[in-house]
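Asker: Dropping in run-v6.txt, which is compact mmCIF, C-alpha atoms:
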```txt
# COMPACT_ATOMS: atom_id res chain seq x y z
CA MET A 27 -27.36 6.74 11.96
CA THR A 28 -26.25 5.98 8.40
CA HIS A 29 -22.52 5.47 8.12
CA GLY A 30 -20.44 7.34 5.54
CA PRO A 31 -18.58 5.90 2.58
CA GLY A 32 -15.11 6.25 4.11
CA ASP A 33 -12.27 6.72 1.66
CA VAL A 34 -13.05 6.41 -2.02
CA VAL A 35 -11.14 3.45 -3.41
CA VAL A 36 -10.64 1.68 -6.72
CA THR A 37 -12.17 -1.79 -6.62
CA GLY A 38 -12.15 -2.69 -10.31
CA VAL A 39 -10.11 -1.99 -13.43
CA GLY A 40 -11.03 -2.89 -17.00
CA LEU A 41 -9.05 -2.41 -20.22
CA ALA A 42 -9.97 -2.71 -23.88
CA LEU A 43 -6.56 -2.12 -25.43
CA PRO A 44 -4.48 -3.92 -28.04
CA GLY A 45 -1.59 -5.71 -26.35
CA ALA A 46 -2.38 -4.78 -22.73
CA ALA A 47 -5.06 -6.76 -20.91
CA THR A 48 -4.12 -5.86 -17.31
CA PRO A 49 -2.82 -2.80 -15.42
CA GLY A 50 0.54 -4.54 -15.02
CA ALA A 51 0.79 -5.17 -18.75
CA LEU A 52 -0.10 -1.53 -19.49
CA LEU A 53 2.60 -0.39 -17.07
CA ARG A 54 5.21 -2.63 -18.73
CA ARG A 55 4.27 -1.32 -22.17
CA ALA A 56 4.58 2.25 -20.93
CA ALA A 57 8.02 1.45 -19.52
CA ALA A 58 9.29 -0.11 -22.75
CA PRO A 59 7.01 0.57 -25.73
CA ALA A 60 7.01 -2.34 -28.14
CA THR A 61 8.87 -2.10 -31.41
CA GLY A 62 7.93 -3.75 -34.67
CA PRO A 63 4.41 -4.28 -36.02
CA ALA A 64 1.57 -2.77 -34.02
CA PRO A 65 -0.72 -5.16 -32.12
CA GLU A 66 -3.97 -6.17 -33.76
CA PRO A 67 -6.92 -3.87 -32.93
CA PHE A 68 -8.90 -4.89 -29.88
CA ASP A 69 -11.68 -7.32 -30.84
CA THR A 70 -14.80 -6.08 -29.06
CA ALA A 71 -16.92 -8.99 -30.28
CA VAL A 72 -14.97 -11.43 -28.10
CA ARG A 73 -16.07 -9.63 -24.94
CA ILE A 74 -19.52 -8.25 -25.64
CA GLY A 75 -20.76 -10.45 -28.51
CA ARG A 76 -22.95 -9.55 -31.46
CA ARG A 77 -25.70 -8.09 -29.29
CA GLY A 78 -23.26 -5.54 -27.92
CA HIS A 79 -22.41 -4.40 -31.46
CA ARG A 80 -25.86 -3.61 -32.80
CA TYR A 81 -26.27 0.06 -33.76
CA LYS A 82 -23.23 1.16 -31.75
CA ASP A 83 -20.13 2.99 -32.92
CA ARG A 84 -16.58 1.83 -32.25
CA ALA A 85 -16.03 4.08 -29.22
CA THR A 86 -19.21 2.86 -27.51
CA ARG A 87 -18.29 -0.78 -28.10
CA LEU A 88 -14.82 -0.24 -26.64
CA ALA A 89 -16.34 1.51 -23.61
CA LEU A 90 -18.79 -1.36 -23.08
CA CYS A 91 -15.89 -3.84 -23.11
CA ALA A 92 -13.81 -1.89 -20.57
CA ALA A 93 -16.81 -1.23 -18.31
CA LEU A 94 -17.84 -4.90 -18.29
CA ASP A 95 -14.29 -5.93 -17.38
CA ALA A 96 -14.11 -3.37 -14.56
CA LEU A 97 -17.51 -4.33 -13.12
CA ARG A 98 -16.52 -7.99 -13.11
CA ASP A 99 -13.15 -7.16 -11.56
CA ALA A 100 -15.03 -5.34 -8.78
CA ALA A 101 -17.29 -8.40 -8.27
CA LEU A 102 -20.35 -6.33 -9.19
CA ILE A 103 -21.26 -8.56 -12.14
CA PRO A 104 -20.93 -12.36 -12.19
CA ALA A 105 -18.69 -13.96 -14.79
CA ASP A 106 -21.68 -15.35 -16.66
CA GLY A 107 -23.97 -12.33 -16.50
CA GLU A 108 -24.39 -8.64 -17.33
CA GLU A 109 -26.67 -7.29 -14.58
CA VAL A 110 -25.13 -5.88 -11.44
CA THR A 111 -25.68 -7.80 -8.19
CA VAL A 112 -26.29 -4.59 -6.21
CA PRO A 113 -29.23 -2.17 -6.57
CA GLY A 114 -28.83 -0.34 -9.88
CA ASP A 115 -29.50 3.05 -8.32
CA THR A 116 -26.36 2.70 -6.16
CA VAL A 117 -24.12 2.72 -9.27
CA GLY A 118 -23.39 5.79 -11.40
CA VAL A 119 -21.56 6.22 -14.70
CA VAL A 120 -19.04 8.90 -15.66
CA ALA A 121 -17.52 8.69 -19.15
CA SER A 122 -14.88 10.82 -20.85
CA SER A 123 -14.27 11.11 -24.60
CA ASN A 124 -13.46 14.13 -26.71
CA LEU A 125 -13.48 12.50 -30.14
CA GLY A 126 -15.32 9.20 -29.69
CA ASN A 127 -18.36 9.98 -31.80
CA LEU A 128 -16.83 12.71 -33.96
CA ASP A 129 -17.14 10.63 -37.11
CA THR A 130 -20.84 9.97 -36.54
CA ALA A 131 -21.56 13.66 -35.89
CA CYS A 132 -19.63 14.78 -38.98
CA LEU A 133 -21.11 12.15 -41.28
CA THR A 134 -24.61 12.93 -40.01
CA ALA A 135 -24.14 16.64 -40.66
CA ALA A 136 -22.72 15.94 -44.12
CA ALA A 137 -25.64 13.66 -45.02
CA ILE A 138 -28.16 16.34 -44.02
CA ALA A 139 -26.28 19.02 -45.98
CA GLU A 140 -25.83 16.93 -49.12
CA ARG A 141 -29.21 15.18 -49.18
CA SER A 142 -31.79 15.48 -46.39
CA ALA A 143 -32.56 14.30 -42.89
CA MET A 144 -34.86 11.69 -44.42
CA ASP A 145 -31.77 9.72 -45.49
CA LEU A 146 -30.60 9.21 -41.89
CA SER A 147 -31.07 5.91 -40.10
CA PRO A 148 -33.13 6.33 -36.92
CA MET A 149 -31.11 3.51 -35.33
CA SER A 150 -27.73 5.19 -35.84
CA LEU A 151 -28.77 8.78 -35.13
CA PRO A 152 -28.47 8.46 -31.30
CA ASN A 153 -24.74 7.88 -31.82
CA ALA A 154 -24.42 11.54 -32.81
CA SER A 155 -25.19 12.55 -29.20
CA SER A 156 -22.14 13.23 -27.05
CA ASN A 157 -23.60 11.31 -24.09
CA VAL A 158 -24.20 8.09 -26.02
CA ILE A 159 -21.22 6.28 -24.44
CA ALA A 160 -22.24 6.82 -20.82
CA SER A 161 -25.88 6.13 -21.64
CA TRP A 162 -25.25 2.78 -23.34
CA VAL A 163 -23.08 1.57 -20.44
CA ALA A 164 -25.88 2.40 -18.01
CA ILE A 165 -28.56 0.79 -20.18
CA ARG A 166 -26.54 -2.38 -20.78
CA HIS A 167 -25.95 -3.06 -17.08
CA GLY A 168 -29.01 -1.50 -15.47
CA LEU A 169 -27.09 1.32 -13.75
CA ARG A 170 -29.65 3.88 -12.62
CA GLY A 171 -27.44 6.30 -10.72
CA PRO A 172 -26.29 9.70 -12.07
CA ASN A 173 -25.01 9.47 -15.63
CA LEU A 174 -22.39 12.02 -16.74
CA MET A 175 -20.45 12.54 -19.97
CA LEU A 176 -17.37 14.76 -20.03
CA CYS A 177 -15.86 16.21 -23.22
CA ASN A 178 -13.41 18.49 -21.48
CA GLY A 179 -10.20 18.49 -23.48
CA ALA A 180 -6.85 17.26 -22.24
CA THR A 181 -7.87 17.02 -18.57
CA SER A 182 -11.14 15.23 -19.25
CA GLY A 183 -10.08 11.75 -18.07
CA LEU A 184 -8.81 12.87 -14.66
CA ASP A 185 -11.78 15.21 -14.32
CA ALA A 186 -14.03 12.18 -14.86
CA VAL A 187 -12.26 10.23 -12.10
CA HIS A 188 -12.74 13.19 -9.79
CA TRP A 189 -16.45 13.53 -10.62
CA GLY A 190 -16.96 9.83 -10.00
CA ALA A 191 -15.28 10.17 -6.59
CA THR A 192 -17.35 13.27 -5.83
CA LEU A 193 -20.61 11.43 -6.54
CA VAL A 194 -19.56 8.73 -4.06
CA ALA A 195 -18.31 11.18 -1.42
CA ALA A 196 -21.51 13.26 -1.67
CA GLY A 197 -23.64 10.17 -1.10
CA ARG A 198 -25.34 10.23 -4.51
CA VAL A 199 -24.15 6.66 -5.16
CA ARG A 200 -22.08 4.05 -3.40
CA ARG A 201 -19.93 3.37 -6.46
CA ALA A 202 -19.40 4.68 -9.97
CA VAL A 203 -17.97 3.31 -13.21
CA VAL A 204 -15.53 5.80 -14.74
CA ILE A 205 -14.65 5.24 -18.41
CA GLY A 206 -12.18 6.89 -20.74
CA VAL A 207 -12.34 6.01 -24.45
CA GLU A 208 -11.07 7.30 -27.78
CA THR A 209 -10.79 5.78 -31.22
CA HIS A 210 -9.26 6.73 -34.53
CA ASN A 211 -10.89 6.95 -37.92
CA ALA A 212 -10.57 9.08 -41.04
CA VAL A 213 -12.43 12.01 -39.47
CA VAL A 214 -10.31 12.04 -36.31
CA GLU A 215 -7.09 11.63 -38.27
CA ASP A 216 -8.03 14.55 -40.50
CA LEU A 217 -8.93 16.78 -37.54
CA LEU A 218 -5.74 16.05 -35.61
CA GLY A 219 -3.47 15.78 -38.62
CA ARG A 220 -1.95 12.55 -37.36
CA PRO A 221 -1.89 9.01 -38.74
CA ALA A 222 -3.90 6.24 -37.11
CA ASP A 223 -0.87 4.52 -35.57
CA GLU A 224 -0.22 7.61 -33.41
CA LEU A 225 -3.74 7.64 -31.93
CA LEU A 226 -5.43 5.55 -29.26
CA ASP A 227 -8.02 3.00 -30.25
CA GLY A 228 -9.11 1.68 -26.89
CA ALA A 229 -10.71 2.27 -23.53
CA ALA A 230 -10.06 1.99 -19.80
CA ALA A 231 -12.54 1.83 -16.93
CA LEU A 232 -12.37 2.06 -13.15
CA VAL A 233 -14.90 1.27 -10.45
CA VAL A 234 -14.55 3.87 -7.69
CA GLU A 235 -16.40 2.96 -4.51
CA GLY A 236 -16.80 4.01 -0.92
CA ALA A 237 -14.37 1.97 1.18
CA ARG A 238 -17.14 0.97 3.60
CA TRP A 239 -19.31 -0.38 0.80
CA ALA A 240 -16.42 -2.32 -0.68
CA ALA A 241 -15.56 -3.78 2.71
CA ALA A 242 -19.19 -4.75 3.31
CA ARG A 243 -19.10 -6.70 0.03
CA GLY A 244 -15.81 -8.33 1.02
CA VAL A 245 -14.01 -6.88 -2.03
CA PRO A 246 -10.37 -5.75 -1.65
CA ALA A 247 -9.43 -2.36 -3.00
CA ALA A 248 -6.58 -1.90 -5.45
CA ALA A 249 -5.86 1.74 -4.56
CA ALA A 250 -7.22 4.74 -2.66
CA LEU A 251 -7.93 8.08 -4.29
CA GLY A 252 -5.98 10.98 -2.84
CA PRO A 253 -6.46 14.71 -3.43
CA TYR A 254 -7.27 16.17 -6.85
CA GLU A 255 -6.25 19.58 -8.16
CA ARG A 256 -7.02 21.60 -11.25
CA ARG A 257 -4.71 24.53 -11.85
CA ALA A 258 -3.55 26.94 -14.51
CA GLY A 259 -0.16 25.27 -14.96
CA LEU A 260 1.73 22.05 -14.33
CA THR A 261 4.11 23.40 -11.69
CA GLY A 262 1.34 25.01 -9.65
CA CYS A 263 -0.78 21.87 -9.84
CA ILE A 264 2.05 19.63 -8.60
CA GLU A 265 3.05 22.05 -5.84
CA ALA A 266 -0.55 22.06 -4.58
CA LEU A 267 -0.61 18.25 -4.47
CA LEU A 268 2.94 17.84 -3.09
CA PRO A 269 3.86 20.91 -1.05
CA GLY A 270 7.46 21.38 -0.06
CA GLY A 271 8.86 19.64 -3.14
CA ALA A 272 8.06 16.14 -1.84
CA ALA A 273 9.03 13.36 -4.26
CA PRO A 274 6.34 10.82 -5.20
CA GLY A 275 7.18 7.22 -5.92
CA VAL A 276 6.31 7.58 -9.61
CA TRP A 277 5.06 10.24 -11.99
CA PHE A 278 2.60 9.59 -14.80
CA THR A 279 3.28 12.62 -16.99
CA PRO A 280 0.99 14.55 -19.32
CA GLU A 281 0.82 13.39 -22.91
CA ARG A 282 4.26 13.60 -24.59
CA TYR A 283 5.67 15.69 -21.77
CA ALA A 284 8.96 17.34 -22.72
CA GLU A 285 11.54 17.42 -19.93
CA ARG A 286 12.65 20.89 -18.92
CA PRO A 287 16.16 22.15 -18.14
CA ALA A 288 17.65 21.11 -14.79
CA GLY A 289 16.16 23.15 -11.98
CA ALA A 290 12.91 23.83 -13.83
CA VAL A 291 11.47 20.34 -13.50
CA PRO A 292 8.44 20.23 -11.15
CA VAL A 293 9.23 16.65 -10.02
CA PRO A 294 12.72 15.50 -8.94
CA GLU A 295 14.63 13.86 -11.79
CA THR A 296 15.18 10.73 -9.65
CA VAL A 297 11.45 9.94 -9.74
CA PRO A 298 10.57 7.36 -12.45
CA ARG A 299 8.35 8.72 -15.21
CA TYR A 300 5.78 6.98 -17.38
CA ASP A 301 3.96 8.35 -20.40
CA VAL A 302 1.26 5.82 -21.26
CA THR A 303 0.68 7.48 -24.62
CA ASP A 304 4.05 6.17 -25.76
CA ALA A 305 2.53 2.70 -25.50
CA VAL A 306 -1.06 3.18 -26.67
CA GLY A 307 -1.05 6.39 -28.69
CA ARG A 308 -2.25 9.91 -28.08
CA SER A 309 -5.22 9.47 -25.82
CA SER A 310 -7.06 12.80 -25.48
CA GLY A 311 -10.06 12.36 -23.16
CA ALA A 312 -9.14 8.79 -22.19
CA LEU A 313 -5.68 9.65 -20.86
CA GLY A 314 -6.47 10.26 -17.18
CA VAL A 315 -8.36 6.98 -16.80
CA LEU A 316 -5.57 5.09 -18.58
CA GLN A 317 -3.03 6.70 -16.26
CA CYS A 318 -5.00 5.61 -13.21
CA ALA A 319 -5.15 2.05 -14.54
CA ALA A 320 -1.37 1.99 -15.06
CA ALA A 321 -0.88 3.51 -11.59
CA VAL A 322 -2.92 0.65 -10.10
CA GLY A 323 -0.44 -1.70 -11.78
CA TRP A 324 2.46 0.24 -10.24
CA LEU A 325 0.94 0.26 -6.74
CA THR A 326 0.17 -3.46 -6.93
CA ARG A 327 3.72 -4.27 -7.94
CA ALA A 328 5.15 -1.89 -5.35
CA GLU A 329 3.12 -3.36 -2.51
CA ALA A 330 3.97 -6.90 -3.62
CA GLY A 331 7.65 -5.96 -3.58
CA ARG A 332 7.24 -4.31 -0.20
CA ARG A 333 5.69 -7.43 1.31
CA ALA A 334 8.35 -9.62 -0.27
CA GLY A 335 11.03 -7.34 1.16
CA GLY A 336 9.71 -7.63 4.70
CA GLU A 337 8.32 -4.09 4.85
CA THR A 338 11.80 -2.63 5.08
CA GLY A 339 12.83 0.82 3.97
CA SER A 340 10.95 4.09 3.80
CA GLY A 341 11.05 7.51 2.28
CA ALA A 342 13.16 7.98 -0.82
CA GLY A 343 14.37 4.43 -0.60
CA ASP A 344 10.82 3.22 -1.09
CA GLY A 345 10.44 5.36 -4.14
CA ALA A 346 13.59 3.96 -5.70
CA ALA A 347 12.53 0.40 -5.00
CA PHE A 348 9.04 0.94 -6.36
CA GLY A 349 10.45 2.57 -9.47
CA ASP A 350 12.33 -0.57 -10.52
CA ARG A 351 10.73 -1.19 -13.89
CA ALA A 352 12.26 -4.64 -14.19
CA ALA A 353 10.21 -5.95 -11.27
CA SER A 354 7.28 -8.26 -12.00
CA ASP A 355 3.73 -7.53 -10.89
CA ALA A 356 3.24 -11.33 -10.70
CA GLY A 357 -0.52 -11.02 -10.73
CA ALA A 358 -0.61 -9.81 -7.14
CA ARG A 359 -3.93 -8.07 -7.83
CA ALA A 360 -5.59 -11.43 -8.42
CA ALA A 361 -4.75 -12.88 -5.01
CA PRO A 362 -6.44 -10.75 -2.33
CA ASP A 363 -4.60 -10.42 0.94
CA PRO A 364 -7.04 -10.97 3.84
CA ALA A 365 -5.32 -8.19 5.71
CA ALA A 366 -5.78 -5.82 2.79
CA ALA A 367 -9.54 -5.51 3.10
CA PRO A 368 -11.16 -5.08 6.53
CA GLY A 369 -14.52 -6.73 6.83
CA PRO A 370 -17.68 -4.92 7.84
CA GLY A 371 -17.68 -3.52 11.33
CA PRO A 372 -16.19 -0.73 13.40
CA ALA A 373 -12.80 -0.81 11.67
CA ALA A 374 -14.31 -0.39 8.22
CA GLU A 375 -16.83 2.17 9.43
CA ALA A 376 -14.09 4.27 11.03
CA LEU A 377 -12.46 5.08 7.71
CA ALA A 378 -12.45 8.83 7.22
CA SER A 379 -14.26 10.75 4.53
CA VAL A 380 -12.63 11.08 1.12
CA PRO A 381 -10.59 14.28 0.93
CA VAL A 382 -12.52 15.67 -2.01
CA SER A 383 -15.11 18.39 -1.69
CA ALA A 384 -18.25 18.24 -3.82
CA GLU A 385 -18.26 22.02 -3.98
CA VAL A 386 -16.81 23.56 -7.12
CA SER A 387 -15.14 26.93 -7.32
CA ALA A 388 -17.55 29.60 -8.48
CA SER A 389 -15.27 30.39 -11.41
CA ALA A 390 -15.77 26.94 -12.90
CA PRO A 391 -19.01 26.89 -14.91
CA VAL A 392 -19.60 23.17 -14.72
CA PRO A 393 -23.33 22.56 -15.17
CA VAL A 394 -23.65 19.60 -12.84
CA SER A 395 -26.19 19.87 -10.05
CA ALA A 396 -26.12 17.81 -6.88
CA GLU A 397 -29.88 17.59 -7.31
CA ALA A 398 -29.71 16.07 -10.83
CA SER A 399 -32.07 13.21 -11.44
CA ALA A 400 -30.50 9.80 -11.00
CA SER A 401 -31.66 8.85 -14.46
CA ALA A 402 -30.55 12.03 -16.19
CA SER A 403 -27.67 11.97 -18.65
CA VAL A 404 -25.74 15.20 -18.11
CA SER A 405 -23.13 16.43 -20.58
CA VAL A 406 -20.47 18.44 -18.74
CA SER A 407 -19.34 21.60 -20.48
CA ALA A 408 -15.87 21.81 -21.96
CA GLU A 409 -15.69 25.40 -20.77
CA VAL A 410 -14.43 24.60 -17.27
CA SER A 411 -12.25 27.45 -16.11
CA ALA A 412 -8.56 26.60 -16.24
CA SER A 413 -7.99 28.59 -13.08
CA ALA A 414 -10.65 26.78 -11.07
CA SER A 415 -9.30 24.53 -8.37
CA VAL A 416 -11.68 22.11 -6.72
CA PRO A 417 -11.12 22.63 -3.00
CA VAL A 418 -9.81 19.68 -1.03
CA SER A 419 -11.50 18.85 2.26
CA ALA A 420 -9.50 19.63 5.37
CA GLU A 421 -10.53 16.35 6.90
CA VAL A 422 -7.69 13.85 6.92
CA SER A 423 -8.22 10.59 5.08
CA ALA A 424 -7.23 7.27 6.62
CA SER A 425 -4.59 6.96 3.90
CA ALA A 426 -3.35 10.56 4.04
CA SER A 427 -0.26 9.70 6.11
CA VAL A 428 1.04 7.22 3.53
CA PRO A 429 4.60 8.32 2.70
CA VAL A 430 4.68 10.34 -0.50
CA SER A 431 7.28 7.91 -1.83
CA ARG A 432 4.56 5.23 -1.91
CA GLN A 433 2.10 7.35 -3.87
CA ALA A 434 1.61 7.74 -7.61
CA LEU A 435 1.38 11.26 -9.03
CA ILE A 436 -0.85 11.54 -12.11
CA THR A 437 -1.05 14.70 -14.22
CA SER A 438 -2.98 15.39 -17.43
CA GLY A 439 -3.46 18.50 -19.49
CA ASP A 440 -1.79 21.07 -21.67
CA ASP A 441 0.60 23.29 -19.74
CA THR A 442 0.76 25.76 -22.61
CA ALA A 443 -3.01 26.13 -22.58
CA ASP A 444 -3.12 26.71 -18.80
CA ALA A 445 -5.25 23.64 -18.09
CA VAL A 446 -3.71 20.92 -15.92
CA ALA A 447 -5.36 18.41 -13.59
CA GLY A 448 -3.54 16.27 -11.04
CA LEU A 449 -4.40 13.36 -8.76
CA LEU A 450 -2.57 11.27 -6.17
CA LEU A 451 -3.26 7.54 -6.09
CA ARG A 452 -2.31 5.74 -2.88
CA PRO A 453 -2.07 2.24 -1.44
CA THR A 454 -5.29 1.28 0.31
CA PRO A 455 -5.50 2.24 4.00
CA ALA A 456 -5.38 -1.38 5.18
CA ARG A 457 -2.05 -1.81 3.45
CA CYS A 458 -0.56 1.07 5.42
CA HIS A 459 -0.65 -0.77 8.74
CA ARG A 460 -1.94 2.15 10.78
CA PRO A 461 -4.96 2.56 13.10
CA PRO A 462 -8.11 3.84 11.39
CA ALA A 463 -8.97 7.50 11.75
CA ALA A 464 -12.12 8.82 13.39
CA ARG A 465 -15.24 8.87 11.25
CA ALA A 466 -16.03 12.22 9.63
CA PRO A 467 -19.45 13.92 9.67
CA LEU A 468 -21.84 12.56 7.07
CA SER A 469 -23.58 14.18 4.16
CA ALA A 470 -27.33 14.51 4.53
CA MET A 471 -27.60 13.03 1.03
CA GLU A 472 -25.96 9.75 2.00
CA CYS A 473 -27.81 6.98 0.14
CA SER A 474 -29.64 4.56 2.40
CA ARG A 475 -29.24 1.27 0.57
```
Output the file's structure as structure tokens, nothing else.
Answerer:
Amino acid sequence: MTHGPGDVVVTGVGLALPGAATPGALLRRAAAPATGPAPEPFDTAVRIGRRGHRYKDRATRLALCAALDALRDAALIPADGEEVTVPGDTVGVVASSNLGNLDTACLTAAAIAERSAMDLSPMSLPNASSNVIASWVAIRHGLRGPNLMLCNGATSGLDAVHWGATLVAAGRVRRAVVIGVETHNAVVEDLLGRPADELLDGAAALVVEGARWAAARGVPAAAALGPYERRAGLTGCIEALLPGGAAPGVWFTPERYAERPAGAVPVPETVPRYDVTDAVGRSSGALGVLQCAAAVGWLTRAEAGRRAGGETGSGAGDGAAFGDRAASDAGARAAPDPAAAPGPGPAAEALASVPVSAEVSASAPVPVSAEASASASVSVSAEVSASASVPVSAEVSASASVPVSRQALITSGDDTADAVAGLLLRPTPARCHRPPAARAPLSAMECSR
């Protein structure tokens, strides 16, 4: 019998941001945004070279940089290469960007209106397609799994993380690269009515992978994905993720979240808050992926502090300790703990199924089929119903009993527009020092490689 993927975990993180090369650095910038001159724009040529620049727009180049970094961090690509070391059809791509190629689309339309289509360059025209970012990442690294592009408004980044996890949990792939990217230019600035220094010019990428497949490769996980919710408002979303008013260890708030009067705040005021857009600019479709990257930095630092403190304390005390923004992450992510990643065998295989259902509420018209061709590039509609909540599986994950005070709450969206998505990010099961749960039933679509 084929064994299931177990929990869905994060095994790689990549960033293409000015002034923040690691999750820990992004977290520190979010805690204390830098003053003075802005950092120099991220130099994509340093990471992907001249070949990576040919006929590609700025957003695509940034996405290629972040994806390459994440794939190398997950040990899926060697330091001196670009091709993945696993079968290409076991890796999918999910990208999120609302404005990434807006300039190309507008300039193309203007050129046709003012002159004719004969004046367009056939080499640059593909950049006008909304799925160009996800497609180029797949082409560059030989990733032949499902290829999705989301342009879904304020929740798009977290939605992309969820779709990547769903592809893994459903057995379509063993791992997926999830990318969030936005850039600023004259067209974007004009549309949003904001200057360039208020807008993101960068990208973040995650590799989400079945825990069993990661363990079989001997790669430690940085975090485990918890439940995901999509609701019509911020309070309802958080209550669904944290029933009973439980306090998480940290809260990554929606973009430029305004605190409410005492008693109306959906998360206790004692919980530390981070708004990553204070550090990198308004992030639109990239926000959710950036938040997850910063949350990995928080979990790494928290677990390092927990080990250094002798595993003492629990509950609210843990949350207070983990929220100490002065603590150093000390590069703990770079030194794998042998106990943090079980090797192949019964212990790894006993990890329970990810608590995310691949079924979508009937009120959410998301045109993604479980039968989509592995080579197809599917653009997900922005018309996802704000009231649609993706049901969470009743099966208990191996990391589900982690105290809430050790989990990171991530929320994205516009509360006034009734569209909010939320996700819990947890320490990996092996870091929780508890026996593995029984293996859940498997999907008939579980990939065989």
Asker: Record the distance separating CA of Pro294 (chain A) and CA of Ala273 (chain A), expressed in Å with one decimal.
Answerer: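 Pair CA of Pro294 (chain A) / CA of Ala273 (chain A) returns 6.3 Å.
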Asker: Could you list, as a ChimeraX atom specification, every residue within 9 Å of Arg87 (chain A), counting only C-alpha atoms and ignoring same-chain residues fewer than 6 positions away?
Answerer: /A:70-71,74,78-79,159
Asker: Given only C-alpha atoms as the basis, pick out the residue of A:Gly448, A:Gly206, A:Pro274, A:Gly252 nearest to Thr86 (chain A).
Answerer: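 The closest residue to Thr86 (chain A) is A:Gly206.
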Asker: Excluding Leu225 (chain A) and its own-chain neighbours fewer than 6 positions away, which residues fall within 9 Å of it when counting all atoms listed in the file? Please give them as a list in words.
Answerer: Glu208, Thr209, His210, Glu215, Thr303, Val306, Gly307, Arg308, Ser309 and Ser310 of chain A
Asker: Please identify all polymer residues lying at most 9 Å from the point (-14.5, 4.6, -31.5) (file coordinates), using only C-alpha atoms, and present the result as a VMD selection string.
Answerer: chain A and resid 83 to 89 125 to 129 207 to 211 227 to 228
Asker: Separation of CA of Ala272 (chain A) and CA of Ala328 (chain A), in Å?
Answerer: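 Interatomic distance, CA of Ala272 (chain A) to CA of Ala328 (chain A): 18.6 Å.
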Asker: Counting only C-alpha atoms, which of A:Ala230, A:Val112, A:Leu218, A:Ala191 gets nearest to Gly32 (chain A)?
Answerer: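 Among A:Ala230, A:Val112, A:Leu218, A:Ala191, it is A:Ala191 that comes nearest to Gly32 (chain A).
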Asker: My list of candidates is A:Gly197, A:Ala447, A:Val213, A:Pro59. Which is closest to Thr130 (chain A) when distances are computed with all atoms listed in the file?
Answerer: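 Closest to Thr130 (chain A) of all the choices is A:Val213.
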Asker: Which of these residues is nearest to Leu94 (chain A), using only C-alpha atoms: A:Arg200, A:His167, A:Arg238, A:Lys82?
Answerer: A:His167
Asker: Tell me which of A:Ala101, A:Ala186, A:Ala160, A:Ala92 sits closest to Pro246 (chain A), counting all atoms listed in the file.
Answerer: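 Of A:Ala101, A:Ala186, A:Ala160, A:Ala92, the one nearest Pro246 (chain A) is A:Ala101, counting all atoms listed in the file.
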Asker: How far is it from CA of Ala121 (chain A) to CA of Ala321 (chain A), in Å with one decimal?
Answerer: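 The value is 19.0 Å.
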Asker: When you count only C-alpha atoms, which of these residues is closest to Thr279 (chain A): A:Thr48, A:Gln433, A:Ser438, A:Asn124?
Answerer: A:Ser438
Asker: Mind checking which residues fall within 7 Å of Leu435 (chain A), counting only C-alpha atoms, ignoring those fewer than 4 positions away in the same chain, and posting them as an mmCIF file with C-alpha atoms, in the frame of the given file?
Answerer:
```
data_model
loop_
_atom_site.group_PDB
_atom_site.id
_atom_site.type_symbol
_atom_site.label_atom_id
_atom_site.label_comp_id
_atom_site.auth_asym_id
_atom_site.auth_seq_id
_atom_site.Cartn_x
_atom_site.Cartn_y
_atom_site.Cartn_z
ATOM 1 C CA PRO A 274 6.340 10.820 -5.200
ATOM 2 C CA VAL A 276 6.310 7.580 -9.610
ATOM 3 C CA TRP A 277 5.060 10.240 -11.990
ATOM 4 C CA PHE A 278 2.600 9.590 -14.800
ATOM 5 C CA LEU A 449 -4.400 13.360 -8.760
ATOM 6 C CA LEU A 450 -2.570 11.270 -6.170
ATOM 7 C CA LEU A 451 -3.260 7.540 -6.090
#
```
Asker: May I have the residues within 9 Å of Val117 (chain A) as a count of residues only, using only C-alpha atoms and disregarding those fewer than 5 positions away in the same chain?
Answerer: 14
